[in-house]
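What's in structure21.txt: compact mmCIF, C-alpha atoms and all ligand atoms
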```
# COMPACT_ATOMS: atom_id res chain seq x y z
CA MET A 1 20.35 -17.20 3.72
CA PRO A 2 18.55 -16.91 7.13
CA LYS A 3 15.42 -14.77 7.28
CA THR A 4 15.64 -11.34 8.87
CA ILE A 5 13.31 -9.84 11.46
CA ILE A 6 13.61 -6.36 9.94
CA GLY A 7 10.54 -5.98 7.79
CA LEU A 8 8.20 -7.74 10.22
CA SER A 9 5.51 -5.62 11.87
CA THR A 10 4.83 -5.64 15.62
CA ASP A 11 1.84 -7.91 15.01
CA GLU A 12 4.00 -10.33 13.03
CA LEU A 13 6.67 -10.25 15.73
CA ARG A 14 4.04 -10.92 18.41
CA ALA A 15 2.86 -13.96 16.43
CA LEU A 16 6.46 -15.10 16.02
CA VAL A 17 7.28 -15.04 19.73
CA GLU A 18 3.97 -16.71 20.61
CA LYS A 19 4.89 -19.51 18.23
CA ALA A 20 8.13 -19.78 20.16
CA GLY A 21 6.15 -20.26 23.38
CA GLU A 22 6.61 -16.74 24.81
CA PRO A 23 3.95 -14.16 25.72
CA ALA A 24 2.94 -11.82 22.89
CA TYR A 25 4.26 -8.68 24.62
CA ARG A 26 7.78 -9.96 23.91
CA GLY A 27 6.99 -9.16 20.27
CA ASN A 28 6.51 -5.50 21.20
CA GLN A 29 9.89 -5.53 22.93
CA LEU A 30 11.43 -7.10 19.84
CA ALA A 31 9.87 -4.42 17.62
CA GLU A 32 11.23 -1.70 19.89
CA TRP A 33 14.74 -3.14 19.66
CA VAL A 34 14.58 -3.39 15.86
CA TYR A 35 12.92 -0.10 14.94
CA GLN A 36 13.49 2.28 17.85
CA ARG A 37 16.66 1.13 19.57
CA GLU A 38 18.36 0.07 16.31
CA ALA A 39 19.80 -3.19 17.61
CA HIS A 40 22.10 -5.07 15.25
CA THR A 41 22.17 -8.39 17.13
CA PHE A 42 19.88 -10.50 19.31
CA GLY A 43 22.63 -10.27 21.94
CA GLU A 44 21.85 -6.58 22.47
CA MET A 45 18.20 -7.31 23.30
CA THR A 46 18.92 -7.79 26.96
CA ASN A 47 15.34 -7.63 28.24
CA LEU A 48 14.40 -10.71 26.18
CA PRO A 49 14.98 -14.16 27.70
CA LEU A 50 18.18 -15.81 26.53
CA SER A 51 16.22 -18.90 25.47
CA LEU A 52 14.04 -16.79 23.13
CA ARG A 53 17.04 -14.99 21.67
CA SER A 54 18.86 -18.23 20.89
CA GLN A 55 15.69 -19.81 19.49
CA LEU A 56 15.13 -16.82 17.19
CA SER A 57 18.75 -16.68 16.10
CA ARG A 58 18.53 -20.26 14.80
CA GLU A 59 16.03 -19.13 12.15
CA TYR A 60 16.39 -15.36 11.87
CA GLU A 61 19.03 -12.67 11.65
CA ALA A 62 18.73 -9.36 13.49
CA GLY A 63 21.66 -7.82 11.63
CA ARG A 64 21.40 -5.01 9.17
CA SER A 65 22.95 -4.26 5.83
CA GLN A 66 26.46 -2.92 5.86
CA ILE A 67 27.17 0.78 5.44
CA LEU A 68 29.97 0.76 2.86
CA SER A 69 30.44 4.51 2.68
CA VAL A 70 29.04 7.82 3.90
CA GLN A 71 29.58 10.86 1.72
CA HIS A 72 28.92 14.37 3.00
CA GLY A 73 27.90 17.11 0.61
CA ARG A 74 28.80 20.75 1.18
CA ASP A 75 25.06 21.51 1.45
CA THR A 76 24.67 18.99 4.40
CA THR A 77 23.24 16.23 2.19
CA ILE A 78 24.58 12.77 3.07
CA LYS A 79 24.71 9.79 0.76
CA LEU A 80 25.08 6.23 2.02
CA LEU A 81 26.14 3.24 -0.03
CA LEU A 82 24.69 0.10 1.55
CA ALA A 83 25.46 -3.55 0.85
CA MET A 84 22.39 -5.71 1.36
CA ARG A 85 22.83 -9.14 2.93
CA ASP A 86 23.25 -10.76 -0.50
CA GLY A 87 25.86 -8.15 -1.51
CA ALA A 88 23.46 -6.08 -3.69
CA LYS A 89 24.31 -2.40 -3.38
CA VAL A 90 21.90 0.50 -3.05
CA GLU A 91 22.23 4.19 -2.38
CA THR A 92 20.19 6.20 0.12
CA VAL A 93 20.25 9.93 0.67
CA GLY A 94 19.67 11.93 3.85
CA LEU A 95 18.58 15.54 3.46
CA PRO A 96 18.67 17.66 6.62
CA TYR A 97 16.51 20.78 6.35
CA ALA A 98 16.01 23.56 8.89
CA GLY A 99 12.74 22.13 10.22
CA HIS A 100 12.84 18.47 9.27
CA PHE A 101 15.03 15.59 8.15
CA SER A 102 14.19 13.72 4.98
CA CYS A 103 15.45 10.38 3.71
CA CYS A 104 15.26 9.37 0.04
CA VAL A 105 15.10 5.58 -0.23
CA SER A 106 15.58 3.12 -3.08
CA THR A 107 12.98 0.45 -3.83
CA GLN A 108 14.90 -1.62 -6.37
CA VAL A 109 18.52 -2.53 -7.04
CA GLY A 110 18.96 -0.69 -10.34
CA CYS A 111 15.85 0.10 -12.37
CA PRO A 112 14.18 -1.49 -15.42
CA VAL A 113 12.58 1.76 -16.64
CA GLY A 114 15.68 3.34 -18.18
CA CYS A 115 14.85 7.06 -18.21
CA VAL A 116 17.46 8.58 -20.49
CA PHE A 117 18.53 11.24 -17.98
CA CYS A 118 18.94 8.91 -14.98
CA ALA A 119 22.13 7.26 -13.73
CA THR A 120 20.19 4.38 -12.16
CA GLY A 121 18.35 3.68 -15.40
CA LEU A 122 21.65 3.61 -17.25
CA SER A 123 23.04 0.88 -15.01
CA GLY A 124 20.18 -1.62 -15.53
CA TYR A 125 17.97 -3.66 -13.22
CA VAL A 126 19.07 -6.31 -10.71
CA ARG A 127 16.18 -7.08 -8.34
CA ASN A 128 13.40 -5.73 -6.14
CA LEU A 129 14.15 -4.78 -2.54
CA THR A 130 12.13 -6.27 0.29
CA ALA A 131 10.08 -4.09 2.66
CA GLY A 132 12.72 -4.66 5.33
CA GLU A 133 15.51 -3.57 2.99
CA ILE A 134 13.60 -0.37 2.19
CA VAL A 135 12.98 0.44 5.86
CA GLU A 136 16.53 -0.32 6.94
CA GLN A 137 17.79 2.42 4.64
CA VAL A 138 15.96 4.86 6.91
CA LEU A 139 17.43 3.14 9.97
CA ALA A 140 20.91 3.39 8.46
CA VAL A 141 20.62 7.13 7.79
CA GLN A 142 19.13 7.51 11.28
CA GLU A 143 22.12 5.68 12.73
CA VAL A 144 24.56 7.99 10.94
CA VAL A 145 22.61 10.93 12.32
CA ARG A 146 22.58 9.51 15.86
CA ASN A 147 26.31 8.86 15.73
CA LYS A 148 26.70 12.53 14.98
CA GLN A 149 28.38 11.91 11.66
CA LEU A 150 26.45 14.90 10.44
CA PRO A 151 28.03 17.77 8.62
CA PRO A 152 28.36 21.04 10.55
CA GLY A 153 25.25 23.18 10.51
CA SER A 154 22.66 20.41 10.58
CA HIS A 155 20.57 20.30 13.71
CA ASN A 156 17.88 17.69 13.23
CA ASN A 157 18.38 14.25 14.63
CA ARG A 158 15.26 12.37 13.64
CA ILE A 159 14.03 11.39 10.20
CA ASP A 160 10.45 12.54 9.85
CA HIS A 161 9.98 12.56 6.06
CA VAL A 162 10.68 9.75 3.59
CA THR A 163 10.58 9.96 -0.18
CA PHE A 164 10.48 6.86 -2.38
CA MET A 165 12.53 8.55 -5.06
CA GLY A 166 15.87 6.74 -4.97
CA MET A 167 16.87 3.90 -7.24
CA GLY A 168 13.95 2.04 -8.83
CA GLU A 169 10.29 2.47 -9.72
CA PRO A 170 8.31 1.89 -6.49
CA LEU A 171 5.09 0.86 -8.25
CA LEU A 172 6.91 -1.97 -10.02
CA ASN A 173 7.65 -3.26 -6.50
CA GLN A 174 4.34 -2.20 -5.03
CA ALA A 175 3.74 -4.93 -2.43
CA ALA A 176 7.11 -4.34 -0.71
CA THR A 177 6.73 -0.56 -1.03
CA MET A 178 3.27 -0.63 0.54
CA LYS A 179 4.48 -2.79 3.39
CA ALA A 180 7.44 -0.41 3.91
CA ILE A 181 4.97 2.49 4.06
CA GLN A 182 3.02 0.71 6.81
CA LEU A 183 6.22 -0.06 8.73
CA LEU A 184 7.44 3.53 8.50
CA LYS A 185 4.08 4.72 9.79
CA ASN A 186 3.42 2.14 12.50
CA GLU A 187 6.91 1.19 13.68
CA LEU A 188 8.88 4.40 13.10
CA GLY A 189 5.98 6.77 13.70
CA ILE A 190 6.39 8.74 10.46
CA SER A 191 3.14 10.35 9.34
CA MET A 192 1.69 9.06 6.05
CA ARG A 193 1.46 12.67 4.93
CA HIS A 194 5.23 12.93 5.25
CA LEU A 195 5.75 10.03 2.84
CA THR A 196 6.13 10.79 -0.87
CA LEU A 197 6.03 8.08 -3.52
CA SER A 198 7.43 8.99 -6.91
CA THR A 199 6.41 7.02 -10.00
CA VAL A 200 7.03 7.46 -13.71
CA GLY A 201 3.36 6.65 -14.25
CA PHE A 202 2.61 2.98 -13.69
CA VAL A 203 -1.14 3.39 -14.12
CA PRO A 204 -2.44 0.18 -12.42
CA GLY A 205 -0.32 1.04 -9.37
CA ILE A 206 -1.77 4.56 -9.17
CA TYR A 207 -5.32 3.15 -9.30
CA LYS A 208 -4.41 0.72 -6.50
CA LEU A 209 -3.15 3.62 -4.34
CA ALA A 210 -6.42 5.42 -5.10
CA ARG A 211 -8.59 2.39 -4.26
CA GLU A 212 -6.78 1.97 -0.96
CA LYS A 213 -7.15 5.71 -0.27
CA THR A 214 -3.45 5.88 0.61
CA GLN A 215 -2.80 9.21 2.30
CA ILE A 216 0.74 9.63 0.96
CA THR A 217 1.88 12.35 -1.41
CA LEU A 218 1.89 11.01 -4.96
CA ALA A 219 4.55 12.45 -7.26
CA VAL A 220 4.31 11.50 -10.93
CA SER A 221 7.31 12.08 -13.17
CA LEU A 222 5.71 13.37 -16.36
CA HIS A 223 8.65 15.07 -18.12
CA ALA A 224 6.61 15.59 -21.30
CA ALA A 225 2.94 16.17 -22.04
CA ASN A 226 2.92 14.34 -25.38
CA ASP A 227 3.35 10.61 -25.83
CA GLN A 228 5.94 10.77 -28.58
CA LEU A 229 8.43 12.82 -26.59
CA ARG A 230 7.67 10.97 -23.38
CA ARG A 231 8.46 7.62 -25.01
CA LYS A 232 11.85 8.97 -26.06
CA LEU A 233 12.63 10.08 -22.49
CA ILE A 234 11.18 7.00 -20.78
CA PRO A 235 11.78 4.29 -23.35
CA ARG A 236 11.22 1.01 -21.48
CA VAL A 237 8.59 -0.78 -19.40
CA ILE A 238 6.13 2.06 -18.67
CA LYS A 239 4.01 2.33 -21.83
CA PHE A 240 0.99 4.25 -20.61
CA SER A 241 -0.16 7.38 -22.44
CA VAL A 242 -0.17 10.84 -20.87
CA THR A 243 -3.99 10.77 -20.94
CA GLU A 244 -4.10 7.43 -19.10
CA ILE A 245 -1.63 8.68 -16.49
CA LEU A 246 -3.48 11.94 -15.86
CA ASP A 247 -6.82 10.06 -15.63
CA ALA A 248 -5.26 7.81 -12.97
CA CYS A 249 -4.02 10.94 -11.13
CA ARG A 250 -7.55 12.38 -11.20
CA GLU A 251 -8.86 9.19 -9.62
CA PHE A 252 -6.15 9.39 -6.92
CA VAL A 253 -7.16 12.98 -6.13
CA LYS A 254 -10.84 12.00 -6.07
CA GLN A 255 -10.33 9.04 -3.72
CA THR A 256 -7.77 10.56 -1.36
CA GLY A 257 -8.43 14.30 -1.50
CA ARG A 258 -4.67 14.73 -1.90
CA ARG A 259 -3.14 17.03 -4.50
CA VAL A 260 -0.75 15.32 -6.93
CA THR A 261 2.76 16.57 -7.67
CA LEU A 262 3.85 16.38 -11.30
CA GLU A 263 7.63 16.21 -11.66
CA TYR A 264 9.10 17.70 -14.82
CA CYS A 265 12.81 17.29 -15.48
CA LEU A 266 13.86 20.20 -17.72
CA LEU A 267 16.24 19.17 -20.50
CA ASN A 268 17.74 21.90 -22.61
CA GLY A 269 16.35 21.98 -26.15
CA ILE A 270 14.30 18.81 -25.61
CA ASN A 271 11.26 19.47 -23.42
CA ASP A 272 11.83 23.03 -22.19
CA GLY A 273 10.41 25.16 -25.02
CA SER A 274 7.32 27.37 -24.98
CA ALA A 275 5.40 24.83 -27.11
CA GLU A 276 6.03 22.11 -24.49
CA ALA A 277 5.09 24.49 -21.66
CA HIS A 278 1.75 25.35 -23.35
CA GLU A 279 1.13 21.67 -24.04
CA LEU A 280 1.78 20.84 -20.39
CA ALA A 281 -0.52 23.63 -19.20
CA ARG A 282 -3.32 22.36 -21.45
CA ALA A 283 -2.85 18.72 -20.39
CA VAL A 284 -2.91 19.29 -16.64
CA GLY A 285 -5.28 22.24 -16.65
CA ARG A 286 -8.10 20.88 -14.49
CA LEU A 287 -6.11 18.41 -12.41
CA ASN A 288 -5.60 19.32 -8.73
CA CYS A 289 -1.82 19.34 -8.94
CA HIS A 290 1.29 21.37 -8.68
CA VAL A 291 4.19 21.09 -11.10
CA ASN A 292 7.68 20.66 -9.69
CA LEU A 293 10.32 21.75 -12.19
CA ILE A 294 13.64 19.93 -11.87
CA PRO A 295 16.51 21.33 -13.91
CA TYR A 296 18.49 18.32 -15.17
CA ASN A 297 21.28 17.04 -12.92
CA ALA A 298 24.17 15.95 -15.12
CA VAL A 299 25.21 12.28 -15.01
CA SER A 300 28.12 10.91 -16.97
CA GLY A 301 26.72 9.30 -20.08
CA PRO A 302 24.04 11.00 -22.13
CA ASN A 303 24.69 14.27 -23.87
CA LEU A 304 21.99 16.20 -22.00
CA HIS A 305 22.08 19.59 -20.33
CA SER A 306 20.12 21.73 -17.94
CA PRO A 307 18.47 24.72 -19.66
CA PRO A 308 19.90 28.19 -19.04
CA ARG A 309 18.11 30.23 -16.37
CA GLU A 310 16.17 32.40 -18.80
CA ARG A 311 14.65 29.34 -20.52
CA ILE A 312 13.60 27.92 -17.15
CA ARG A 313 12.09 31.29 -16.23
CA ALA A 314 10.15 31.46 -19.50
CA PHE A 315 8.85 27.89 -19.11
CA ARG A 316 7.80 28.64 -15.57
CA GLY A 317 6.13 31.89 -16.63
CA ILE A 318 3.87 30.13 -19.16
CA LEU A 319 2.65 27.68 -16.53
CA GLU A 320 2.14 30.42 -13.96
CA SER A 321 0.12 32.46 -16.47
CA ALA A 322 -2.12 29.43 -16.93
CA GLY A 323 -2.73 29.41 -13.15
CA ILE A 324 -0.77 26.23 -12.47
CA PRO A 325 1.02 26.16 -9.10
CA ILE A 326 4.75 25.72 -9.65
CA THR A 327 7.70 24.86 -7.48
CA GLN A 328 11.27 24.48 -8.58
CA ARG A 329 13.31 21.81 -6.86
CA LEU A 330 16.38 23.05 -5.04
CA GLN A 331 19.42 21.30 -6.39
CA ARG A 332 20.86 19.47 -3.41
CA GLY A 333 23.51 16.79 -3.26
CA THR A 334 24.96 17.46 -6.70
CA GLY A 335 28.54 17.57 -5.36
CA ILE A 336 28.27 13.94 -4.22
CA ASP A 337 26.02 12.68 -7.05
CA ALA A 338 23.11 12.40 -4.62
CA ALA A 339 20.69 14.63 -6.49
CA CYS A 340 17.60 13.41 -8.32
CA GLY A 341 18.55 10.91 -11.03
CA GLN A 342 22.18 10.63 -9.99
CA LEU A 343 22.14 7.50 -7.80
CA ARG A 344 23.98 4.48 -9.13
CA ASN A 345 25.31 2.13 -6.40
CA ARG A 346 28.99 2.73 -6.76
CA THR A 347 31.68 3.46 -4.24
CA VAL A 348 33.39 6.36 -6.01
S1 LIG A 401 14.23 8.17 -12.96
FE1 LIG A 401 13.37 6.60 -11.59
S2 LIG A 401 12.14 5.32 -12.94
FE2 LIG A 401 13.51 6.49 -14.29
S3 LIG A 401 15.29 5.12 -14.56
FE3 LIG A 401 15.72 6.49 -12.82
S4 LIG A 401 15.14 5.32 -11.02
FE4 LIG A 401 14.15 4.34 -12.79
```
Just give me the structure as structure tokens.
Amino acid sequence: MPKTIIGLSTDELRALVEKAGEPAYRGNQLAEWVYQREAHTFGEMTNLPLSLRSQLSREYEAGRSQILSVQHGRDTTIKLLLAMRDGAKVETVGLPYAGHFSCCVSTQVGCPVGCVFCATGLSGYVRNLTAGEIVEQVLAVQEVVRNKQLPPGSHNNRIDHVTFMGMGEPLLNQAATMKAIQLLKNELGISMRHLTLSTVGFVPGIYKLAREKTQITLAVSLHAANDQLRRKLIPRVIKFSVTEILDACREFVKQTGRRVTLEYCLLNGINDGSAEAHELARAVGRLNCHVNLIPYNAVSGPNLHSPPRERIRAFRGILESAGIPITQRLQRGTGIDAACGQLRNRTV
């Protein structure tokens, strides 16, 4: 399969064109075509010499993955199913808000972690995505937006927030994820502070983010504050204890000055009782964090349910009484299976 130029930075593109005997500024033009003007072919890059375009096309592709389907939710969420160049399928979600437009990207095809409440985890792991494949999900959603395939009522036309919360565990594909972060910042101009990476708690990866003082928002999916329950909910691959994960979060806060978000998926009768709420409050007490409560989004498969409203309120109340900042995630995209934990690379 030919290599693709999506995923190369401006500096790498400058080096590439220089190797081809052209001045380095042609690399900037190439980057503009790929990341700003959303070209799909070298033929569109009309300000580049024909000789350079044909030389590049012998070794590289400029094409993008195919958009297999676009689903529109009633709440203006859009979900794209993309076929990568090798046929691997991933889902990407676009979330228009009143003041900004967010894109939720996948970092792996499937996921090896297997959280019991997650559709992606249920369908197994295929492979890691490259940095280019991560970034082109944003370009694909952007293209849908530009082509005005937006549902009525949405007004934004530029993606300015990206969350690494789609299919896959980003810290198990950390090199590609980190390169994608740099590309989103440098080539698409999205502020680091508008990038959120969500992990189930891969401790070495969190320490690496801390060491590199990465100014993203770190979201850690905790889901339980005791190891026994957590291992039941997150049975494979990630074996770190709650203490180890929270210590790594403390180091991230210390090195970056950024508050950590702790995600907590509320499952009726499993992790949503007052004992679990008190346990969570004790565990995170002195960490600079806020807890984001996510009532479970049903996926076909496990016999799990979202707690009734009064149980959620009670859980929330215990944390609030302990002085822990709380948010509760708005359920968006549920009508098209685009909500948290519902992605699973299928066409229907
Ligand atoms: S919730 Fe995230 S880490 Fe867990 S199985 Fe789903 S995609 Fe993987």
Applying 8 Å and all atoms listed in the file, which residues near Val291 in chain A remain after dropping the ones on its own chain fewer than 2 positions away? List them as a PyMOL selection string. chain A and resi 261-264+289+293+324-327
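CA of Leu246 in chain A is found 14.3 Å from CA of Arg258 in chain A.
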Hey, what's within 9 Å of Ser69 in chain A if we count all atoms listed in the file and toss same-chain stuff fewer than 4 positions away? As a PyMOL selection string, please? chain A and resi 79-82+347
From A:Leu8, A:Val34, A:Cys115, A:Val284, residue lying nearest Ala131 in chain A [only C-alpha atoms]: A:Leu8
Proximity to Asp247 in chain A - best of A:Thr10, A:Arg282, A:Gln228, A:Leu287, all atoms listed in the file: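 Closest to Asp247 in chain A of all the choices is A:Leu287.
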At a cut-off of 6 Å and counting all atoms listed in the file, what residues surround ligand LIG 401 (chain A)? Please answer as a short mmCIF file (atom, residue, chain, number, x, y, z; two decimals) with C-alpha atoms, in the frame of the given file.
```cif
data_model
loop_
_atom_site.label_atom_id
_atom_site.label_comp_id
_atom_site.auth_asym_id
_atom_site.auth_seq_id
_atom_site.Cartn_x
_atom_site.Cartn_y
_atom_site.Cartn_z
CA CYS A 111 15.85 0.10 -12.37
CA VAL A 113 12.58 1.76 -16.64
CA GLY A 114 15.68 3.34 -18.18
CA CYS A 115 14.85 7.06 -18.21
CA CYS A 118 18.94 8.91 -14.98
CA THR A 120 20.19 4.38 -12.16
CA GLY A 121 18.35 3.68 -15.40
CA MET A 167 16.87 3.90 -7.24
CA GLY A 168 13.95 2.04 -8.83
CA GLU A 169 10.29 2.47 -9.72
CA VAL A 200 7.03 7.46 -13.71
CA GLY A 341 18.55 10.91 -11.03
#
```
Select all residues near (21.2, 15.9, 5.0) (cut-off 6 Å, inclusive, file coordinates), counting only C-alpha atoms, and output them as a list in words.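 Result, sorted by chain then residue number: Thr76, Thr77, Ile78, Gly94, Leu95 and Pro96 of chain A.
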Find the distance between CA of Ser65 in chain A and CA of Pro49 in chain A and write it in Å to one decimal. 25.3 Å
Quick one: everything within 8 Å of Phe101 in chain A, counting all atoms listed in the file, minus sequence neighbours fewer than 6 positions away in the same chain. Send it as a list in words. Gly94, Leu95, Asn156, Asn157, Arg158, Ile159, Asp160 and His161 of chain A
Suppose you want the space between CA of Ala281 in chain A and CA of Ala322 in chain A; what is it in Å?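 That distance, rounded to one decimal, is 6.4 Å.
Of the listed residues (A:Thr177, A:Leu209, A:Glu22, A:Ala225), A:Glu22 comes nearest to Leu50 in chain A; the distances count only C-alpha atoms.
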